[in-house]
Every structure is written in structure tokens, then in C-alpha cells.
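Student: This is model-v5.tsv, which holds TSV, N, CA and C atoms:
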chain	number	residue	atom	x	y	z
A	1	MET	N	2.99	12.25	41.36
A	1	MET	CA	1.61	12.03	40.98
A	1	MET	C	0.92	11.31	42.14
A	2	SER	N	-0.27	11.73	42.48
A	2	SER	CA	-1.03	11.05	43.52
A	2	SER	C	-1.48	9.68	43.03
A	3	GLY	N	-1.94	8.83	43.95
A	3	GLY	CA	-2.38	7.49	43.58
A	3	GLY	C	-3.48	7.50	42.55
A	4	ARG	N	-4.46	8.39	42.75
A	4	ARG	CA	-5.58	8.47	41.81
A	4	ARG	C	-5.13	9.00	40.44
A	5	ALA	N	-4.28	10.02	40.46
A	5	ALA	CA	-3.78	10.58	39.20
A	5	ALA	C	-2.92	9.55	38.47
A	6	ASP	N	-2.14	8.78	39.22
A	6	ASP	CA	-1.30	7.75	38.62
A	6	ASP	C	-2.16	6.67	37.96
A	7	LEU	N	-3.21	6.25	38.64
A	7	LEU	CA	-4.12	5.26	38.06
A	7	LEU	C	-4.77	5.81	36.79
A	8	LYS	N	-5.24	7.04	36.85
A	8	LYS	CA	-5.87	7.68	35.69
A	8	LYS	C	-4.88	7.73	34.52
A	9	HIS	N	-3.65	8.11	34.81
A	9	HIS	CA	-2.61	8.18	33.78
A	9	HIS	C	-2.39	6.81	33.14
A	10	ARG	N	-2.27	5.76	33.95
A	10	ARG	CA	-2.03	4.42	33.42
A	10	ARG	C	-3.19	3.93	32.56
A	11	VAL	N	-4.42	4.15	33.01
A	11	VAL	CA	-5.60	3.69	32.26
A	11	VAL	C	-5.72	4.44	30.93
A	12	VAL	N	-5.61	5.76	30.99
A	12	VAL	CA	-5.77	6.57	29.78
A	12	VAL	C	-4.65	6.27	28.78
A	13	THR	N	-3.40	6.21	29.25
A	13	THR	CA	-2.31	5.96	28.30
A	13	THR	C	-2.39	4.56	27.70
A	14	ARG	N	-2.83	3.59	28.47
A	14	ARG	CA	-2.99	2.22	27.92
A	14	ARG	C	-4.05	2.24	26.81
A	15	PHE	N	-5.19	2.90	27.06
A	15	PHE	CA	-6.25	3.03	26.05
A	15	PHE	C	-5.72	3.75	24.81
A	16	GLN	N	-5.03	4.87	25.01
A	16	GLN	CA	-4.50	5.63	23.87
A	16	GLN	C	-3.48	4.81	23.08
A	17	ARG	N	-2.55	4.19	23.78
A	17	ARG	CA	-1.46	3.46	23.12
A	17	ARG	C	-1.95	2.26	22.32
A	18	HIS	N	-2.93	1.53	22.85
A	18	HIS	CA	-3.33	0.28	22.23
A	18	HIS	C	-4.58	0.36	21.36
A	19	LEU	N	-5.39	1.40	21.51
A	19	LEU	CA	-6.63	1.47	20.74
A	19	LEU	C	-6.78	2.80	19.99
A	20	ALA	N	-6.86	3.89	20.71
A	20	ALA	CA	-7.18	5.18	20.07
A	20	ALA	C	-6.08	5.64	19.11
A	21	ASN	N	-4.84	5.65	19.55
A	21	ASN	CA	-3.77	6.17	18.69
A	21	ASN	C	-3.56	5.35	17.42
A	22	PRO	N	-3.51	4.00	17.49
A	22	PRO	CA	-3.36	3.25	16.24
A	22	PRO	C	-4.49	3.53	15.24
A	23	LEU	N	-5.70	3.68	15.73
A	23	LEU	CA	-6.82	4.00	14.83
A	23	LEU	C	-6.70	5.41	14.27
A	24	ASN	N	-6.44	6.38	15.15
A	24	ASN	CA	-6.36	7.78	14.71
A	24	ASN	C	-5.21	8.04	13.75
A	25	ARG	N	-4.09	7.34	13.92
A	25	ARG	CA	-2.95	7.55	13.01
A	25	ARG	C	-3.31	7.20	11.58
A	26	ARG	N	-4.28	6.33	11.38
A	26	ARG	CA	-4.69	5.90	10.03
A	26	ARG	C	-5.59	6.91	9.33
A	27	LEU	N	-6.18	7.83	10.07
A	27	LEU	CA	-7.07	8.82	9.47
A	27	LEU	C	-6.24	9.84	8.70
A	28	PRO	N	-6.54	10.05	7.41
A	28	PRO	CA	-5.66	10.88	6.58
A	28	PRO	C	-5.55	12.34	7.02
A	29	PHE	N	-6.55	12.88	7.69
A	29	PHE	CA	-6.46	14.28	8.07
A	29	PHE	C	-6.34	14.48	9.57
A	30	GLN	N	-6.04	13.41	10.30
A	30	GLN	CA	-5.77	13.53	11.74
A	30	GLN	C	-4.44	14.27	11.90
A	31	THR	N	-4.40	15.23	12.79
A	31	THR	CA	-3.16	15.94	13.07
A	31	THR	C	-2.24	15.00	13.85
A	32	LEU	N	-0.99	14.90	13.38
A	32	LEU	CA	0.00	14.04	14.01
A	32	LEU	C	1.22	14.86	14.40
A	33	LEU	N	1.78	14.53	15.54
A	33	LEU	CA	3.06	15.09	15.96
A	33	LEU	C	4.08	13.96	15.86
A	34	GLU	N	5.14	14.19	15.10
A	34	GLU	CA	6.19	13.18	14.95
A	34	GLU	C	7.43	13.64	15.70
A	35	THR	N	7.82	12.86	16.69
A	35	THR	CA	9.04	13.10	17.44
A	35	THR	C	10.03	11.99	17.12
A	36	THR	N	11.25	12.14	17.62
A	36	THR	CA	12.25	11.08	17.49
A	36	THR	C	12.34	10.38	18.83
A	37	GLY	N	12.18	9.06	18.83
A	37	GLY	CA	12.24	8.29	20.07
A	37	GLY	C	13.57	8.51	20.78
A	38	ARG	N	13.49	8.88	22.03
A	38	ARG	CA	14.70	9.24	22.78
A	38	ARG	C	15.63	8.05	23.01
A	39	THR	N	15.10	6.84	22.97
A	39	THR	CA	15.93	5.64	23.15
A	39	THR	C	16.19	4.96	21.82
A	40	SER	N	15.13	4.80	21.03
A	40	SER	CA	15.25	4.05	19.77
A	40	SER	C	15.82	4.88	18.63
A	41	GLY	N	15.59	6.20	18.67
A	41	GLY	CA	16.00	7.05	17.55
A	41	GLY	C	15.06	6.96	16.37
A	42	ARG	N	13.96	6.20	16.54
A	42	ARG	CA	12.99	6.01	15.45
A	42	ARG	C	11.89	7.06	15.51
A	43	PRO	N	11.26	7.38	14.36
A	43	PRO	CA	10.14	8.32	14.36
A	43	PRO	C	8.96	7.76	15.15
A	44	ARG	N	8.35	8.61	15.96
A	44	ARG	CA	7.17	8.26	16.76
A	44	ARG	C	6.06	9.24	16.45
A	45	GLN	N	4.94	8.73	15.97
A	45	GLN	CA	3.82	9.60	15.59
A	45	GLN	C	2.70	9.49	16.60
A	46	THR	N	2.29	10.65	17.10
A	46	THR	CA	1.24	10.73	18.11
A	46	THR	C	0.10	11.60	17.59
A	47	PRO	N	-1.12	11.10	17.56
A	47	PRO	CA	-2.26	11.94	17.21
A	47	PRO	C	-2.44	13.03	18.28
A	48	VAL	N	-2.61	14.25	17.84
A	48	VAL	CA	-2.79	15.37	18.77
A	48	VAL	C	-3.93	16.26	18.27
A	49	GLY	N	-4.45	17.05	19.17
A	49	GLY	CA	-5.40	18.09	18.81
A	49	GLY	C	-4.75	19.41	19.14
A	50	GLY	N	-4.78	20.30	18.24
A	50	GLY	CA	-4.15	21.60	18.46
A	50	GLY	C	-4.60	22.55	17.38
A	51	ARG	N	-3.92	23.66	17.30
A	51	ARG	CA	-4.30	24.66	16.31
A	51	ARG	C	-3.05	25.41	15.84
A	52	ARG	N	-3.04	25.64	14.53
A	52	ARG	CA	-1.99	26.47	13.95
A	52	ARG	C	-2.41	27.92	14.08
A	53	VAL	N	-1.49	28.74	14.57
A	53	VAL	CA	-1.69	30.18	14.68
A	53	VAL	C	-0.44	30.81	14.05
A	54	GLY	N	-0.60	31.34	12.85
A	54	GLY	CA	0.55	31.89	12.14
A	54	GLY	C	1.56	30.80	11.84
A	55	GLU	N	2.79	31.00	12.28
A	55	GLU	CA	3.86	30.03	12.04
A	55	GLU	C	4.11	29.14	13.25
A	56	SER	N	3.13	29.04	14.14
A	56	SER	CA	3.25	28.18	15.32
A	56	SER	C	2.08	27.22	15.38
A	57	PHE	N	2.33	26.05	15.96
A	57	PHE	CA	1.28	25.08	16.21
A	57	PHE	C	1.25	24.84	17.71
A	58	TRP	N	0.06	24.97	18.31
A	58	TRP	CA	-0.12	24.89	19.76
A	58	TRP	C	-0.81	23.60	20.16
A	59	ILE	N	-0.30	22.96	21.22
A	59	ILE	CA	-0.84	21.71	21.76
A	59	ILE	C	-0.83	21.85	23.29
A	60	VAL	N	-1.75	21.16	23.95
A	60	VAL	CA	-1.66	21.01	25.41
A	60	VAL	C	-1.59	19.52	25.70
A	61	SER	N	-0.50	19.11	26.35
A	61	SER	CA	-0.31	17.72	26.75
A	61	SER	C	-1.08	17.46	28.04
A	62	GLU	N	-1.87	16.39	28.05
A	62	GLU	CA	-2.68	16.12	29.24
A	62	GLU	C	-1.88	15.57	30.41
A	63	PHE	N	-0.69	15.01	30.14
A	63	PHE	CA	0.11	14.43	31.22
A	63	PHE	C	1.47	15.10	31.36
A	64	GLY	N	1.62	16.28	30.83
A	64	GLY	CA	2.82	17.07	31.04
A	64	GLY	C	4.11	16.32	30.74
A	65	HIS	N	5.04	16.44	31.65
A	65	HIS	CA	6.37	15.87	31.44
A	65	HIS	C	6.41	14.34	31.48
A	66	THR	N	5.31	13.69	31.83
A	66	THR	CA	5.30	12.22	31.80
A	66	THR	C	4.81	11.68	30.46
A	67	SER	N	4.27	12.55	29.60
A	67	SER	CA	3.86	12.11	28.26
A	67	SER	C	5.09	11.68	27.47
A	68	GLN	N	4.96	10.56	26.77
A	68	GLN	CA	6.11	10.06	26.02
A	68	GLN	C	6.57	11.05	24.96
A	69	TYR	N	5.63	11.71	24.27
A	69	TYR	CA	6.07	12.66	23.24
A	69	TYR	C	6.75	13.87	23.85
A	70	VAL	N	6.36	14.27	25.06
A	70	VAL	CA	7.03	15.38	25.74
A	70	VAL	C	8.45	14.95	26.13
A	71	ARG	N	8.59	13.75	26.62
A	71	ARG	CA	9.93	13.26	26.98
A	71	ARG	C	10.82	13.16	25.74
A	72	ASN	N	10.23	12.78	24.58
A	72	ASN	CA	10.99	12.76	23.33
A	72	ASN	C	11.41	14.18	22.93
A	73	ILE	N	10.51	15.15	23.10
A	73	ILE	CA	10.83	16.54	22.78
A	73	ILE	C	11.97	17.04	23.66
A	74	GLN	N	11.96	16.67	24.92
A	74	GLN	CA	13.05	17.08	25.81
A	74	GLN	C	14.40	16.57	25.30
A	75	ALA	N	14.41	15.38	24.73
A	75	ALA	CA	15.65	14.80	24.21
A	75	ALA	C	16.03	15.40	22.86
A	76	ASP	N	15.03	15.73	22.03
A	76	ASP	CA	15.28	16.29	20.70
A	76	ASP	C	14.06	17.12	20.29
A	77	PRO	N	14.17	18.43	20.32
A	77	PRO	CA	13.01	19.28	20.02
A	77	PRO	C	12.65	19.41	18.54
A	78	LYS	N	13.44	18.83	17.66
A	78	LYS	CA	13.11	18.86	16.23
A	78	LYS	C	11.97	17.88	15.98
A	79	VAL	N	10.87	18.37	15.42
A	79	VAL	CA	9.68	17.56	15.21
A	79	VAL	C	9.11	17.82	13.83
A	80	ARG	N	8.10	17.03	13.49
A	80	ARG	CA	7.26	17.30	12.32
A	80	ARG	C	5.82	17.27	12.80
A	81	VAL	N	4.96	18.07	12.15
A	81	VAL	CA	3.54	18.08	12.47
A	81	VAL	C	2.78	17.92	11.15
A	82	ARG	N	1.84	16.96	11.12
A	82	ARG	CA	0.98	16.81	9.95
A	82	ARG	C	-0.32	17.54	10.24
A	83	ILE	N	-0.53	18.61	9.46
A	83	ILE	CA	-1.72	19.44	9.60
A	83	ILE	C	-2.48	19.39	8.29
A	84	ALA	N	-3.75	18.98	8.36
A	84	ALA	CA	-4.61	18.88	7.17
A	84	ALA	C	-3.93	18.07	6.06
A	85	GLY	N	-3.25	16.99	6.45
A	85	GLY	CA	-2.65	16.09	5.47
A	85	GLY	C	-1.28	16.50	4.97
A	86	ARG	N	-0.73	17.63	5.43
A	86	ARG	CA	0.57	18.11	4.96
A	86	ARG	C	1.56	18.17	6.12
A	87	TRP	N	2.77	17.65	5.88
A	87	TRP	CA	3.81	17.64	6.91
A	87	TRP	C	4.57	18.96	6.95
A	88	HIS	N	4.86	19.42	8.17
A	88	HIS	CA	5.64	20.64	8.41
A	88	HIS	C	6.74	20.31	9.42
A	89	HIS	N	7.95	20.79	9.17
A	89	HIS	CA	9.04	20.65	10.13
A	89	HIS	C	8.95	21.79	11.14
A	90	GLY	N	9.48	21.54	12.34
A	90	GLY	CA	9.48	22.59	13.34
A	90	GLY	C	10.32	22.23	14.55
A	91	THR	N	10.36	23.19	15.47
A	91	THR	CA	11.06	23.02	16.73
A	91	THR	C	10.04	23.20	17.85
A	92	ALA	N	9.96	22.21	18.73
A	92	ALA	CA	8.98	22.23	19.82
A	92	ALA	C	9.57	22.89	21.05
A	93	HIS	N	8.73	23.63	21.76
A	93	HIS	CA	9.11	24.30	22.99
A	93	HIS	C	8.09	23.95	24.07
A	94	LEU	N	8.56	23.50	25.21
A	94	LEU	CA	7.70	23.22	26.35
A	94	LEU	C	7.54	24.51	27.14
A	95	LEU	N	6.29	24.86	27.46
A	95	LEU	CA	6.01	26.15	28.09
A	95	LEU	C	5.29	25.95	29.43
A	96	PRO	N	6.03	25.54	30.47
A	96	PRO	CA	5.38	25.27	31.76
A	96	PRO	C	4.77	26.51	32.40
A	97	ASP	N	5.22	27.71	32.04
A	97	ASP	CA	4.67	28.93	32.63
A	97	ASP	C	3.43	29.44	31.91
A	98	ASP	N	3.07	28.82	30.78
A	98	ASP	CA	1.87	29.21	30.05
A	98	ASP	C	0.65	28.68	30.80
A	99	ASP	N	-0.45	29.42	30.77
A	99	ASP	CA	-1.69	28.99	31.40
A	99	ASP	C	-2.36	27.98	30.47
A	100	ALA	N	-2.16	26.70	30.74
A	100	ALA	CA	-2.66	25.64	29.85
A	100	ALA	C	-4.18	25.64	29.75
A	101	LEU	N	-4.87	25.93	30.83
A	101	LEU	CA	-6.34	25.98	30.78
A	101	LEU	C	-6.82	27.11	29.87
A	102	ALA	N	-6.19	28.26	29.97
A	102	ALA	CA	-6.53	29.37	29.08
A	102	ALA	C	-6.20	29.01	27.64
A	103	ARG	N	-5.07	28.34	27.44
A	103	ARG	CA	-4.66	27.94	26.09
A	103	ARG	C	-5.69	26.98	25.49
A	104	LEU	N	-6.21	26.06	26.29
A	104	LEU	CA	-7.21	25.11	25.79
A	104	LEU	C	-8.45	25.81	25.26
A	105	ARG	N	-8.79	26.96	25.82
A	105	ARG	CA	-9.96	27.70	25.34
A	105	ARG	C	-9.77	28.22	23.91
A	106	ALA	N	-8.52	28.31	23.46
A	106	ALA	CA	-8.23	28.79	22.11
A	106	ALA	C	-8.00	27.65	21.13
A	107	LEU	N	-8.06	26.41	21.62
A	107	LEU	CA	-7.81	25.25	20.77
A	107	LEU	C	-9.13	24.57	20.43
A	108	PRO	N	-9.13	23.61	19.50
A	108	PRO	CA	-10.38	22.94	19.11
A	108	PRO	C	-11.16	22.42	20.32
A	109	ARG	N	-12.44	22.70	20.31
A	109	ARG	CA	-13.31	22.48	21.47
A	109	ARG	C	-13.36	21.03	21.94
A	110	PHE	N	-13.58	20.08	21.01
A	110	PHE	CA	-13.72	18.68	21.42
A	110	PHE	C	-12.44	18.17	22.07
A	111	ASN	N	-11.31	18.37	21.40
A	111	ASN	CA	-10.04	17.90	21.95
A	111	ASN	C	-9.74	18.56	23.29
A	112	SER	N	-10.03	19.84	23.40
A	112	SER	CA	-9.78	20.55	24.66
A	112	SER	C	-10.61	19.97	25.80
A	113	ALA	N	-11.85	19.60	25.51
A	113	ALA	CA	-12.70	19.00	26.54
A	113	ALA	C	-12.13	17.66	26.99
A	114	VAL	N	-11.63	16.87	26.05
A	114	VAL	CA	-11.04	15.57	26.38
A	114	VAL	C	-9.78	15.77	27.22
A	115	VAL	N	-8.92	16.70	26.82
A	115	VAL	CA	-7.69	16.96	27.57
A	115	VAL	C	-8.01	17.41	29.00
A	116	ARG	N	-8.99	18.30	29.14
A	116	ARG	CA	-9.39	18.75	30.48
A	116	ARG	C	-9.93	17.60	31.32
A	117	ALA	N	-10.75	16.73	30.70
A	117	ALA	CA	-11.37	15.63	31.44
A	117	ALA	C	-10.37	14.54	31.82
A	118	LEU	N	-9.42	14.24	30.95
A	118	LEU	CA	-8.51	13.13	31.18
A	118	LEU	C	-7.18	13.54	31.80
A	119	GLY	N	-6.83	14.80	31.63
A	119	GLY	CA	-5.51	15.25	32.03
A	119	GLY	C	-5.32	15.35	33.53
A	120	THR	N	-4.07	15.17	33.94
A	120	THR	CA	-3.72	15.30	35.35
A	120	THR	C	-2.61	16.34	35.56
A	121	ASP	N	-1.91	16.72	34.50
A	121	ASP	CA	-0.78	17.65	34.62
A	121	ASP	C	-0.60	18.35	33.27
A	122	LEU	N	-1.41	19.37	33.02
A	122	LEU	CA	-1.43	20.02	31.71
A	122	LEU	C	-0.14	20.78	31.45
A	123	LEU	N	0.32	20.72	30.21
A	123	LEU	CA	1.54	21.41	29.79
A	123	LEU	C	1.36	21.90	28.36
A	124	THR	N	1.60	23.19	28.16
A	124	THR	CA	1.51	23.77	26.81
A	124	THR	C	2.78	23.47	26.03
A	125	VAL	N	2.59	23.12	24.76
A	125	VAL	CA	3.69	22.87	23.84
A	125	VAL	C	3.45	23.75	22.60
A	126	ARG	N	4.46	24.52	22.22
A	126	ARG	CA	4.40	25.33	21.00
A	126	ARG	C	5.44	24.79	20.04
A	127	VAL	N	4.99	24.56	18.80
A	127	VAL	CA	5.91	24.13	17.75
A	127	VAL	C	6.08	25.30	16.79
A	128	ASP	N	7.29	25.81	16.68
A	128	ASP	CA	7.60	26.86	15.71
A	128	ASP	C	7.88	26.17	14.39
A	129	LEU	N	7.00	26.39	13.42
A	129	LEU	CA	7.09	25.73	12.12
A	129	LEU	C	8.12	26.43	11.25
A	130	THR	N	8.90	25.63	10.51
A	130	THR	CA	9.92	26.20	9.65
A	130	THR	C	9.58	26.07	8.17
A	131	ASP	N	8.54	25.29	7.84
A	131	ASP	CA	8.10	25.18	6.43
A	131	ASP	C	6.65	24.79	6.36
Will you turn the file into C-alpha cells for me?
Tutor:
Amino acid sequence: MSGRADLKHRVVTRFQRHLANPLNRRLPFQTLLETTGRTSGRPRQTPVGGRRVGESFWIVSEFGHTSQYVRNIQADPKVRVRIAGRWHHGTAHLLPDDDALARLRALPRFNSAVVRALGTDLLTVRVDLTD
């Protein structure tokens, strides 16, 4: 990561971790991705913006492989996603060859704009839902 991208990553993740995410997790219909902490083994819930298409849920991570939830997925791809207040189990797949910018055009507009503006290393994530 370049110096500027590294600074951007630190500022944005600090804001998300300490302010935005704790508030958003409390909203009953906020979409959440639940991973298993790769070190702690505890459930970790991250507010995300994405879209369900059939039996898959699509997300674009703004910081790619440095995102904590992406690192958790690498350690254990079994996840849960809360969509419209209902939890679904699934298996997450990291798709580095997917065109993340094109994918963002198919996802919710506001979240996609934020990801494009704040992101430094976009990465598509597909969750294959099992229930």
C-alpha cells in the first residue's frame, strides 16, 4: 500500500471500527456479515452493503485482503449474513479476478459510492447462501 493509501486505510478503518460500525450494527435491518474471528474464534459482525441475487449475496470490500472480515473469511469461509432482519448461513468466496468496479454498479447505489470513494483495493466477495 502506498503512503497515502495506507493513511486513508487507517483513518477510514478507525472511523468505521469506533463509530460507524457500532452504530450500524444496532439498526435492525442493517445488513450484517458475521465471520469467525481468526484469532479469537468469536463471532464478528460487520455492517456491509451488498445485494442478494438468487442464492448468492454479493459484497465489494473497500480494502481487499487487508479488511479484517476478508482475513477472517480466508481463515474460515463459513459465514452468516443478516438480510432484511433474517440470518442466512453461507460460504464466502473471495473473487480477485472479478471486476469490482463493474460489480459495484449492480449493488446498492449509496454503499457503492462510499466504497468507491473510500476504497483503496477493491475485492469482490460472493457468499453462497445455504438457507
Student: What does the distance from atom CA of Asp131 of chain A to atom CA of Val60 of chain A come to in Å, to one decimal?
Tutor: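 Atom-to-atom, atom CA of Asp131 of chain A to atom CA of Val60 of chain A, that is 21.7 Å.
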Student: For Gly49 of chain A, which residue out of A:Thr130, A:Thr91, A:Ser61, A:Gln74 is the nearest one, using only C-alpha atoms?
Tutor: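 Nearest to Gly49 of chain A: A:Ser61.
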Student: Interatomic distance between atom N of Arg44 of chain A and atom N of Leu107 of chain A?
Tutor: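 According to the coordinates, atom N of Arg44 of chain A and atom N of Leu107 of chain A are separated by 24.9 Å.
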Student: Got a sec to tell me which of chain A DSSP assigns to strand (DSSP E or B), as a PyMOL selection string?
Tutor: chain A and resi 32-36+43-47+50-53+56-61+78-83+86-95+123-129
Student: Taking the chain letters and numbering used in this document, name the residues of segment 95-126 of chain A that DSSP puts in helix (DSSP H, G or I), as number ranges by chain.
Tutor: A: 100-104, 109-118
Student: Need the shell around segment 120-126 of chain A: protein/DNA/RNA residues with any atom at most 9 Å away, counting only C-alpha atoms. Skip same-chain ones fewer than 6 positions apart. Format as a PyMOL selection string?
Tutor: chain A and resi 1+5-6+8-9+56-66+70+91-101+103-104
Student: I'd like the interatomic distance between atom C of Arg71 of chain A and atom N of Leu32 of chain A, to a tenth of an Å.
Tutor: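 These atoms are spaced 17.2 Å apart.
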Student: Hey, which of A:Arg42, A:Gly3, A:Thr35, A:Ala113 ends up closest to Ala75 of chain A? Count only C-alpha atoms.
Tutor: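 When distances to Ala75 of chain A are compared using only C-alpha atoms, the smallest one comes from A:Thr35.
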Student: Pick the closest to Val79 of chain A from A:Arg4, A:Ser40, A:Val53, A:Glu34: which is it, counting only C-alpha atoms?
Tutor: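 Closest to Val79 of chain A, using only C-alpha atoms: A:Glu34.
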Student: Considering all atoms listed in the file, state which residue in the set A:His89, A:Ser67, A:Thr13, A:Leu129 is at the smallest distance from Gly54 of chain A.
Tutor: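 When distances to Gly54 of chain A are compared using all atoms listed in the file, the smallest one comes from A:Leu129.
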Student: Between A:Leu33, A:Val127, A:Ala106, A:Val115, single out the one closest to Ile83 of chain A, counting only C-alpha atoms.
Tutor: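 Under the stated criterion, the closest residue is A:Leu33.
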Student: Can you put all heavy atoms back into segment 109-118 of chain A and show it as a compact mmCIF listing (two decimals), in the coordinates of the input?
Tutor:
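Output file selection_4.txt follows:
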# COMPACT_ATOMS: atom_id res chain seq x y z
N ARG A 109 -12.44 22.70 20.31
CA ARG A 109 -13.31 22.48 21.47
C ARG A 109 -13.36 21.03 21.94
O ARG A 109 -13.23 20.75 23.13
CB ARG A 109 -14.71 22.98 21.13
CG ARG A 109 -15.62 23.05 22.33
CD ARG A 109 -16.93 23.70 21.99
NE ARG A 109 -16.69 25.14 21.84
CZ ARG A 109 -17.48 25.96 21.18
NH1 ARG A 109 -18.58 25.52 20.62
NH2 ARG A 109 -17.20 27.23 21.09
N PHE A 110 -13.58 20.08 21.01
CA PHE A 110 -13.72 18.68 21.42
C PHE A 110 -12.44 18.17 22.07
O PHE A 110 -12.45 17.59 23.15
CB PHE A 110 -14.12 17.79 20.24
CG PHE A 110 -14.19 16.34 20.61
CD1 PHE A 110 -15.26 15.85 21.34
CD2 PHE A 110 -13.18 15.46 20.24
CE1 PHE A 110 -15.32 14.50 21.72
CE2 PHE A 110 -13.23 14.12 20.60
CZ PHE A 110 -14.31 13.65 21.34
N ASN A 111 -11.31 18.37 21.40
CA ASN A 111 -10.04 17.90 21.95
C ASN A 111 -9.74 18.56 23.29
O ASN A 111 -9.29 17.90 24.22
CB ASN A 111 -8.89 18.17 20.97
CG ASN A 111 -7.57 17.71 21.54
OD1 ASN A 111 -6.82 18.50 22.10
ND2 ASN A 111 -7.29 16.42 21.44
N SER A 112 -10.03 19.84 23.40
CA SER A 112 -9.78 20.55 24.66
C SER A 112 -10.61 19.97 25.80
O SER A 112 -10.12 19.82 26.92
CB SER A 112 -10.08 22.04 24.50
OG SER A 112 -9.16 22.61 23.60
N ALA A 113 -11.85 19.60 25.51
CA ALA A 113 -12.70 19.00 26.54
C ALA A 113 -12.13 17.66 26.99
O ALA A 113 -12.13 17.34 28.19
CB ALA A 113 -14.12 18.83 26.01
N VAL A 114 -11.63 16.87 26.05
CA VAL A 114 -11.04 15.57 26.38
C VAL A 114 -9.78 15.77 27.22
O VAL A 114 -9.59 15.08 28.23
CB VAL A 114 -10.75 14.75 25.10
CG1 VAL A 114 -9.95 13.50 25.43
CG2 VAL A 114 -12.04 14.39 24.39
N VAL A 115 -8.92 16.70 26.82
CA VAL A 115 -7.69 16.96 27.57
C VAL A 115 -8.01 17.41 29.00
O VAL A 115 -7.40 16.94 29.96
CB VAL A 115 -6.81 17.99 26.83
CG1 VAL A 115 -5.66 18.47 27.72
CG2 VAL A 115 -6.27 17.40 25.54
N ARG A 116 -8.99 18.30 29.14
CA ARG A 116 -9.39 18.75 30.48
C ARG A 116 -9.93 17.60 31.32
O ARG A 116 -9.63 17.47 32.50
CB ARG A 116 -10.43 19.86 30.40
CG ARG A 116 -9.83 21.24 30.24
CD ARG A 116 -10.87 22.33 30.46
NE ARG A 116 -12.02 22.24 29.58
CZ ARG A 116 -12.08 22.73 28.35
NH1 ARG A 116 -11.04 23.37 27.84
NH2 ARG A 116 -13.16 22.60 27.62
N ALA A 117 -10.75 16.73 30.70
CA ALA A 117 -11.37 15.63 31.44
C ALA A 117 -10.37 14.54 31.82
O ALA A 117 -10.44 14.00 32.92
CB ALA A 117 -12.49 15.02 30.60
N LEU A 118 -9.42 14.24 30.95
CA LEU A 118 -8.51 13.13 31.18
C LEU A 118 -7.18 13.54 31.80
O LEU A 118 -6.48 12.72 32.39
CB LEU A 118 -8.24 12.37 29.88
CG LEU A 118 -9.46 11.77 29.19
CD1 LEU A 118 -9.03 11.08 27.90
CD2 LEU A 118 -10.20 10.83 30.11
